[in-house]
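Undergrad: Got input-v5.csv for you, CSV, C-alpha atoms:
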chain,number,residue,atom,x,y,z
A,1,MET,CA,-90.2,121.0,138.3
A,2,ASN,CA,-87.4,121.0,140.8
A,3,GLY,CA,-84.9,121.5,138.0
A,4,LEU,CA,-86.9,124.4,136.6
A,5,THR,CA,-87.2,125.9,140.1
A,6,ASP,CA,-83.4,125.6,140.6
A,7,THR,CA,-82.7,127.3,137.3
A,8,ILE,CA,-85.0,130.2,138.1
A,9,LEU,CA,-83.5,130.6,141.6
A,10,GLN,CA,-80.0,130.7,140.0
A,11,MET,CA,-81.1,133.4,137.6
A,12,MET,CA,-82.3,135.4,140.6
A,13,ASP,CA,-79.0,135.2,142.4
A,14,THR,CA,-76.8,138.3,142.2
A,15,THR,CA,-73.1,137.8,142.0
A,16,GLN,CA,-71.4,139.7,144.8
A,17,GLU,CA,-67.9,141.1,144.2
A,18,PRO,CA,-65.5,141.8,147.0
A,19,GLU,CA,-66.0,145.6,146.7
A,20,ASP,CA,-69.8,145.4,146.7
A,21,TYR,CA,-71.8,146.4,149.8
A,22,ARG,CA,-75.2,146.5,151.3
A,23,GLY,CA,-77.1,149.8,151.3
A,24,GLU,CA,-79.3,151.1,154.0
A,25,ASP,CA,-82.3,149.8,152.0
A,26,GLY,CA,-80.9,146.2,152.2
A,27,LEU,CA,-80.0,145.9,148.6
A,28,LEU,CA,-76.7,144.9,147.2
A,29,TYR,CA,-74.7,147.8,145.6
A,30,CYS,CA,-71.9,147.8,143.1
A,31,GLY,CA,-68.6,148.9,144.8
A,32,LYS,CA,-67.5,150.6,141.5
A,33,CYS,CA,-70.4,152.6,140.2
A,34,ARG,CA,-72.3,152.8,143.5
A,35,LYS,CA,-75.6,151.7,141.8
A,36,PRO,CA,-77.8,148.9,143.0
A,37,LYS,CA,-77.3,145.4,141.7
A,38,GLU,CA,-80.7,144.3,143.0
A,39,ALA,CA,-84.3,145.7,143.1
A,40,TYR,CA,-87.3,144.8,145.1
A,41,PHE,CA,-90.4,143.3,143.6
A,42,PRO,CA,-93.5,145.6,143.9
A,43,LYS,CA,-94.8,145.7,147.4
A,44,GLY,CA,-96.5,142.5,148.5
A,45,MET,CA,-95.1,140.5,145.6
A,46,ALA,CA,-92.5,137.7,145.9
A,47,LEU,CA,-91.2,134.8,143.8
A,48,PHE,CA,-90.2,131.6,145.4
A,49,GLY,CA,-90.1,133.3,148.7
A,50,ARG,CA,-87.7,136.1,147.5
A,51,ASP,CA,-88.6,139.7,147.6
A,52,ARG,CA,-85.9,141.0,145.2
A,53,HIS,CA,-84.4,140.3,141.8
A,54,PRO,CA,-81.1,141.1,140.0
A,55,SER,CA,-80.8,144.6,138.5
A,56,GLU,CA,-78.1,146.0,136.2
A,57,CYS,CA,-75.8,148.5,137.7
A,58,ASP,CA,-74.1,151.1,135.4
A,59,CYS,CA,-71.0,149.0,135.2
A,60,ARG,CA,-72.9,145.8,134.1
A,61,ARG,CA,-75.0,147.8,131.7
A,62,ALA,CA,-72.0,149.3,130.0
A,63,GLU,CA,-70.3,145.9,129.8
A,64,ARG,CA,-73.4,144.4,128.2
A,65,GLU,CA,-73.9,147.2,125.7
A,66,LYS,CA,-70.2,147.0,124.8
A,67,GLN,CA,-70.5,143.3,124.2
A,68,GLU,CA,-73.7,143.6,122.2
A,69,LYS,CA,-72.1,146.3,120.0
A,70,LYS,CA,-69.1,144.0,119.5
A,71,ASP,CA,-71.3,141.1,118.6
A,72,ALA,CA,-73.3,143.3,116.2
A,73,ASP,CA,-70.2,144.7,114.6
A,74,GLU,CA,-68.8,141.2,114.1
A,75,LYS,CA,-72.1,139.9,112.6
A,76,HIS,CA,-72.2,143.0,110.3
A,77,ASN,CA,-68.6,142.6,109.1
A,78,ALA,CA,-69.2,139.0,108.4
A,79,GLU,CA,-72.3,139.7,106.4
A,80,VAL,CA,-70.5,142.5,104.4
A,81,GLU,CA,-67.6,140.2,103.7
A,82,ARG,CA,-70.0,137.5,102.4
A,83,LEU,CA,-71.7,140.0,100.2
A,84,LYS,CA,-68.5,141.3,98.7
A,85,ARG,CA,-67.1,137.8,98.2
A,86,GLU,CA,-70.2,136.7,96.4
A,87,GLY,CA,-71.1,140.0,94.7
A,88,PHE,CA,-67.8,141.0,93.0
A,89,SER,CA,-66.5,139.1,90.0
A,90,ASN,CA,-63.1,140.8,90.5
A,91,PRO,CA,-61.6,141.2,94.0
A,92,ALA,CA,-60.1,144.6,93.0
A,93,MET,CA,-63.6,146.0,93.0
A,94,ARG,CA,-63.5,146.0,96.8
A,95,GLN,CA,-61.1,149.0,96.7
A,96,TRP,CA,-63.5,151.1,94.5
A,97,THR,CA,-65.0,153.0,97.4
A,98,PHE,CA,-65.9,156.6,98.3
A,99,GLU,CA,-63.2,156.5,100.9
A,100,ASN,CA,-60.5,155.8,98.3
A,101,ASP,CA,-61.8,158.3,95.7
A,102,ASN,CA,-59.2,160.8,94.6
A,103,GLY,CA,-61.9,163.5,94.1
A,104,LYS,CA,-61.1,164.0,90.4
A,105,CYS,CA,-64.4,162.5,89.0
A,106,PRO,CA,-66.9,165.3,88.7
A,107,GLN,CA,-69.8,162.9,88.5
A,108,MET,CA,-69.1,161.3,91.9
A,109,GLU,CA,-71.8,163.3,93.6
A,110,LYS,CA,-74.4,161.4,91.6
A,111,ALA,CA,-73.0,158.2,93.1
A,112,TYR,CA,-73.5,159.6,96.6
A,113,SER,CA,-77.1,160.6,95.7
A,114,TYR,CA,-77.9,157.2,94.2
A,115,VAL,CA,-76.8,155.5,97.5
A,116,GLU,CA,-78.7,158.0,99.7
A,117,LEU,CA,-81.8,157.6,97.6
A,118,TRP,CA,-81.5,153.9,97.2
A,119,GLU,CA,-84.9,153.0,98.6
A,120,GLN,CA,-86.6,155.3,96.1
A,121,MET,CA,-84.2,154.1,93.3
A,122,LYS,CA,-85.2,150.5,94.1
A,123,ALA,CA,-88.9,151.2,94.4
A,124,GLU,CA,-89.1,153.2,91.1
A,125,ASN,CA,-86.6,150.9,89.3
A,126,HIS,CA,-84.2,153.7,88.4
A,127,GLY,CA,-81.1,152.5,86.5
A,128,LEU,CA,-78.0,154.2,85.0
A,129,VAL,CA,-76.0,153.9,81.8
A,130,LEU,CA,-72.6,155.3,82.6
A,131,TRP,CA,-70.9,156.2,79.3
A,132,GLY,CA,-67.7,157.9,78.3
A,133,ASN,CA,-64.1,157.4,77.3
A,134,VAL,CA,-61.9,154.6,78.6
A,135,GLY,CA,-60.4,155.4,82.0
A,136,SER,CA,-62.9,158.2,82.8
A,137,GLY,CA,-64.0,156.6,86.1
A,138,LYS,CA,-67.2,154.8,85.1
A,139,SER,CA,-66.3,151.5,86.7
A,140,TYR,CA,-65.0,153.1,89.8
A,141,PHE,CA,-68.2,155.1,90.1
A,142,ALA,CA,-70.3,152.0,89.9
A,143,GLY,CA,-68.0,150.2,92.4
A,144,CYS,CA,-68.5,153.0,94.9
A,145,ILE,CA,-72.2,152.5,94.7
A,146,ALA,CA,-71.8,148.7,95.1
A,147,ASN,CA,-69.5,148.9,98.0
A,148,ALA,CA,-71.6,151.5,99.8
A,149,LEU,CA,-74.8,149.5,99.4
A,150,MET,CA,-73.0,146.3,100.6
A,151,GLU,CA,-71.9,148.1,103.7
A,152,LYS,CA,-75.6,148.6,104.3
A,153,GLU,CA,-76.0,144.9,104.0
A,154,ILE,CA,-77.8,145.3,100.6
A,155,SER,CA,-76.9,142.5,98.1
A,156,VAL,CA,-75.3,143.7,94.9
A,157,CYS,CA,-73.8,141.8,92.0
A,158,MET,CA,-71.1,143.6,89.9
A,159,THR,CA,-69.8,141.6,87.0
A,160,ASN,CA,-69.4,141.7,83.2
A,161,PHE,CA,-70.9,139.7,80.3
A,162,ALA,CA,-67.6,137.9,79.7
A,163,THR,CA,-67.9,136.4,83.2
A,164,ILE,CA,-71.7,135.8,82.7
A,165,LEU,CA,-71.3,134.0,79.4
A,166,ASN,CA,-68.5,131.9,80.8
A,167,ASN,CA,-70.6,130.9,83.7
A,168,LEU,CA,-73.6,130.1,81.4
A,169,PHE,CA,-71.5,128.0,79.1
A,170,TYR,CA,-69.1,126.3,81.5
A,171,GLY,CA,-70.8,126.7,84.9
A,172,SER,CA,-72.4,123.8,86.8
A,173,GLU,CA,-75.5,125.8,87.6
A,174,ASN,CA,-78.6,125.4,85.4
A,175,ARG,CA,-78.7,128.3,82.9
A,176,ASN,CA,-82.2,129.4,83.8
A,177,GLU,CA,-81.4,129.2,87.5
A,178,TYR,CA,-78.3,131.3,87.0
A,179,ILE,CA,-80.2,134.1,85.2
A,180,ILE,CA,-82.9,133.9,87.9
A,181,ARG,CA,-80.2,134.4,90.5
A,182,LEU,CA,-78.7,137.4,88.7
A,183,CYS,CA,-82.2,138.9,88.7
A,184,SER,CA,-82.6,138.2,92.4
A,185,TYR,CA,-80.0,140.9,93.4
A,186,PRO,CA,-81.6,144.2,94.4
A,187,LEU,CA,-79.0,145.8,92.2
A,188,LEU,CA,-77.1,144.4,89.2
A,189,ILE,CA,-74.1,146.2,87.8
A,190,LEU,CA,-72.8,145.2,84.3
A,191,ASP,CA,-69.3,146.5,83.7
A,192,ASP,CA,-67.9,147.1,80.2
A,193,PHE,CA,-71.3,146.6,78.6
A,194,GLY,CA,-71.1,146.3,74.8
A,195,MET,CA,-67.7,144.6,74.8
A,196,GLU,CA,-69.1,141.1,74.8
A,197,ARG,CA,-68.7,138.7,71.9
A,198,GLY,CA,-71.1,139.3,69.0
A,199,THR,CA,-71.9,135.6,68.4
A,200,GLU,CA,-75.6,134.6,68.0
A,201,TYR,CA,-75.4,132.6,71.2
A,202,GLY,CA,-73.7,135.4,73.1
A,203,LEU,CA,-76.1,138.1,72.0
A,204,GLU,CA,-79.1,135.9,72.9
A,205,GLN,CA,-77.8,135.4,76.4
A,206,VAL,CA,-77.1,139.1,76.8
A,207,TYR,CA,-80.7,139.8,75.8
A,208,ASN,CA,-82.0,137.1,78.2
A,209,VAL,CA,-80.2,138.7,81.1
A,210,ILE,CA,-81.3,142.3,80.2
A,211,ASP,CA,-84.9,141.3,79.5
A,212,SER,CA,-85.1,139.2,82.7
A,213,ARG,CA,-83.9,142.1,84.7
A,214,TYR,CA,-86.4,144.3,82.9
A,215,ILE,CA,-89.2,142.0,83.8
A,216,SER,CA,-88.1,141.7,87.4
A,217,LYS,CA,-88.4,145.5,87.7
A,218,LYS,CA,-85.2,145.8,89.6
A,219,PRO,CA,-82.5,148.5,89.0
A,220,LEU,CA,-79.6,147.9,86.6
A,221,ILE,CA,-76.4,150.0,86.2
A,222,ALA,CA,-74.2,149.5,83.1
A,223,THR,CA,-70.9,151.0,82.2
A,224,THR,CA,-70.1,151.3,78.6
A,225,ASN,CA,-67.8,153.0,76.0
A,226,LEU,CA,-70.8,153.3,73.6
A,227,THR,CA,-72.5,156.6,73.3
A,228,PRO,CA,-76.2,157.1,73.6
A,229,GLU,CA,-76.3,157.7,69.9
A,230,GLN,CA,-74.8,154.3,69.2
A,231,LEU,CA,-77.2,152.7,71.6
A,232,ARG,CA,-80.2,154.3,69.9
A,233,ASN,CA,-78.9,153.4,66.4
A,234,PRO,CA,-77.6,149.8,66.7
A,235,GLU,CA,-76.1,148.0,63.8
A,236,ASP,CA,-78.6,145.1,63.7
A,237,VAL,CA,-81.8,143.7,65.1
A,238,PRO,CA,-80.2,141.6,67.9
A,239,HIS,CA,-78.3,144.7,69.2
A,240,ALA,CA,-81.5,146.8,68.8
A,241,ARG,CA,-83.4,144.4,71.1
A,242,ILE,CA,-80.7,144.6,73.8
A,243,TYR,CA,-80.0,148.4,73.6
A,244,GLY,CA,-83.7,149.2,73.5
A,245,ARG,CA,-84.4,147.3,76.7
A,246,LEU,CA,-81.4,148.9,78.3
A,247,LEU,CA,-82.5,152.5,77.5
A,248,GLU,CA,-86.0,151.7,78.8
A,249,MET,CA,-84.4,150.9,82.2
A,250,CYS,CA,-81.5,153.3,82.5
A,251,VAL,CA,-80.8,157.0,82.3
A,252,PRO,CA,-77.5,157.9,80.5
A,253,VAL,CA,-74.8,159.7,82.6
A,254,ARG,CA,-71.9,161.1,80.7
A,255,PHE,CA,-68.3,160.9,82.1
A,256,THR,CA,-66.2,163.7,80.8
A,257,GLY,CA,-63.0,163.3,82.8
A,258,GLY,CA,-59.6,162.4,81.4
A,259,ASP,CA,-58.1,159.0,81.2
A,260,PHE,CA,-57.3,158.3,84.9
A,261,ARG,CA,-55.5,155.2,83.9
A,262,LYS,CA,-53.0,157.1,81.8
A,263,VAL,CA,-52.5,159.7,84.5
A,264,ALA,CA,-51.9,157.0,87.1
A,265,ALA,CA,-49.5,155.2,84.8
A,266,GLN,CA,-47.6,158.4,84.1
A,267,GLN,CA,-47.4,159.2,87.8
A,268,LYS,CA,-46.1,155.7,88.5
A,269,MET,CA,-43.5,156.1,85.7
A,270,GLU,CA,-42.3,159.4,87.2
A,271,ARG,CA,-41.9,157.8,90.7
A,272,LEU,CA,-39.9,155.0,89.2
A,273,LYS,CA,-37.6,157.4,87.4
A,274,LYS,CA,-36.9,159.3,90.6
A,275,LEU,CA,-36.2,156.0,92.4
A,276,MET,CA,-33.7,155.0,89.7
A,277,GLU,CA,-31.9,158.4,89.6
Spit out the file's structure as structure tokens when you get a sec.
TA:
Amino acid sequence: MNGLTDTILQMMDTTQEPEDYRGEDGLLYCGKCRKPKEAYFPKGMALFGRDRHPSECDCRRAEREKQEKKDADEKHNAEVERLKREGFSNPAMRQWTFENDNGKCPQMEKAYSYVELWEQMKAENHGLVLWGNVGSGKSYFAGCIANALMEKEISVCMTNFATILNNLFYGSENRNEYIIRLCSYPLLILDDFGMERGTEYGLEQVYNVIDSRYISKKPLIATTNLTPEQLRNPEDVPHARIYGRLLEMCVPVRFTGGDFRKVAAQQKMERLKKLME
């Protein structure tokens, strides 16, 4: 008990700086902000024979709030870093953000809306099929959503079936556990859907992932070069099972922009020519 008493008494001590002073009320005041660093207990009350306890002056409060914000920011940044490290199959996806957008994708407002309405999207299991020509901005659009949600500390997995099939075949994790983990993400993004190998094994695993996601009732976003017409009229039964599930879960969004990759390559070539002149 003596040790506990000593601890409590130490907590009740107020550190006095050289510039501090005693006010007319007998309390210790901060020499910087001129606010009390002590406060009296309610009249008639005392603790271990003391009639006062420490109180935050404006300086101390500002320091505490600054430190709390710093700690919270560090904790947030560490969590976002963890989510991006685990959630992206390609580190380049980290750069696919709203901040880095060149403003040339006319569909980008839909990405903003999806993030703003995320709680509703999640609750009602609203997914998207982003379709259009190569280089039209589909993957970047999806990456913007992923990065924005991760910044809100929402777990997202953005990958492709080439990576998924490789992990299923060569990974050390049990196949069922791996698929369960994919379905545990609040949002799963499948990039370049429809480009996976058409083997019996590959198609079966693709269906398992899509069907498991469907059963979990969690949103899915897929980018693809296939048109809705091709998705509705697949070439065989295995593809019909996959595409049918996908269209049940996702609303098609068409990307009509030009090939941004060709434009970027042309701009890079022009810069190189100028440098070499």
Undergrad: Find the spatial neighbours of Gly132 of chain A, counting only C-alpha atoms, within a cut-off of 8 Å - ignore same-chain residues fewer than 5 positions away - and output them as a list in words.
TA: Lys138, Thr224, Asn225, Leu226, Thr227, Arg254, Phe255 and Thr256 of chain A
Undergrad: Which residue gives the smallest distance to Asn147 of chain A among A:Tyr40, A:Tyr178, A:Tyr112, A:Trp96, with all atoms listed in the file counted?
TA: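 Closest candidate: A:Trp96.
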Undergrad: Counting only C-alpha atoms, what is within 10 Å of Ser216 of chain A, bar same-chain residues fewer than 4 positions away, as a compact mmCIF listing (two decimals) with C-alpha atoms, in the frame of the given file?
TA:
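In the end it all went to out.txt:
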# COMPACT_ATOMS: atom_id res chain seq x y z
CA ASN A 125 -86.60 150.90 89.30
CA ILE A 180 -82.90 133.90 87.90
CA CYS A 183 -82.20 138.90 88.70
CA SER A 184 -82.60 138.20 92.40
CA PRO A 186 -81.60 144.20 94.40
CA ILE A 210 -81.30 142.30 80.20
CA ASP A 211 -84.90 141.30 79.50
CA SER A 212 -85.10 139.20 82.70
Undergrad: Taking a cut-off of 12 Å and counting only C-alpha atoms, can you build a table that, for each residue of segment 154-180 of chain A near segment 65-82 of chain A, reports the nearest atom pair and how far apart they are in Å (one decimal), sorted by chain then residue number, as a tab-separated table?
TA:
residue	atom	partner	partner_atom	distance
A:Ile154	CA	A:Val80	CA	8.7
A:Ser155	CA	A:Val80	CA	9.0
A:Val156	CA	A:Val80	CA	10.7
A:Cys157	CA	A:Arg82	CA	11.9
Undergrad: As an exercise, work out the distance from atom CA of Arg52 of chain A to atom CA of Leu27 of chain A in Å and give it to one decimal place.
TA: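 Straight-line distance from atom CA of Arg52 of chain A to atom CA of Leu27 of chain A works out to 8.4 Å.
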Undergrad: Please compute the atom CA of Met45 of chain A-atom CA of Arg61 of chain A distance, one decimal, in Å.
TA: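 Straight-line distance from atom CA of Met45 of chain A to atom CA of Arg61 of chain A works out to 25.5 Å.
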Undergrad: Between atom CA of Tyr207 of chain A and atom CA of Asn166 of chain A, what is the distance, to one decimal in Å?
TA: 15.4 Å
Undergrad: Which is closer to Val251 of chain A than all the others in A:Pro228, A:Glu86, A:Asp20, A:Ala142, using all atoms listed in the file?
TA: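 Smallest separation from Val251 of chain A among the options: A:Pro228.
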Undergrad: Taking all atoms listed in the file into account, name the residue in A:Ala62, A:Thr159, A:His53, A:Arg213 that is nearest to Asp192 of chain A.
TA: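 Ranking A:Ala62, A:Thr159, A:His53, A:Arg213 by distance to Asp192 of chain A, first place goes to A:Thr159.
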Undergrad: From the set A:Leu182, A:Lys84, A:Leu246, A:Phe141, which residue has the shortest atom-to-atom contact distance to Asn102 of chain A, counting all atoms listed in the file?
TA: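 Of all the options, A:Phe141 lies closest to Asn102 of chain A.
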Undergrad: Using all atoms listed in the file, which residue out of A:Leu149, A:Asp236, A:Asn208, A:Asn133 lies closest to Leu168 of chain A?
TA: A:Asn208
Undergrad: With distances taken over all atoms listed in the file, which residue among A:Ala111, A:Leu28, A:Ala222, A:Leu203 lies nearest Phe98 of chain A?
TA: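 Nearest candidate to Phe98 of chain A out of A:Ala111, A:Leu28, A:Ala222, A:Leu203: A:Ala111.
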Undergrad: Determine, counting all atoms listed in the file, every residue of protein, DNA or RNA that lies within 10 Å of (-63.3, 139.7, 88.2) in the file coordinates, then give the result as an mmCIF file with C-alpha atoms, keeping the file's coordinate frame.
TA:
data_model
loop_
_atom_site.group_PDB
_atom_site.id
_atom_site.type_symbol
_atom_site.label_atom_id
_atom_site.label_comp_id
_atom_site.auth_asym_id
_atom_site.auth_seq_id
_atom_site.Cartn_x
_atom_site.Cartn_y
_atom_site.Cartn_z
ATOM 1 C CA PHE A 88 -67.800 141.000 93.000
ATOM 2 C CA SER A 89 -66.500 139.100 90.000
ATOM 3 C CA ASN A 90 -63.100 140.800 90.500
ATOM 4 C CA PRO A 91 -61.600 141.200 94.000
ATOM 5 C CA ALA A 92 -60.100 144.600 93.000
ATOM 6 C CA MET A 93 -63.600 146.000 93.000
ATOM 7 C CA MET A 158 -71.100 143.600 89.900
ATOM 8 C CA THR A 159 -69.800 141.600 87.000
ATOM 9 C CA ASN A 160 -69.400 141.700 83.200
ATOM 10 C CA ALA A 162 -67.600 137.900 79.700
ATOM 11 C CA THR A 163 -67.900 136.400 83.200
#
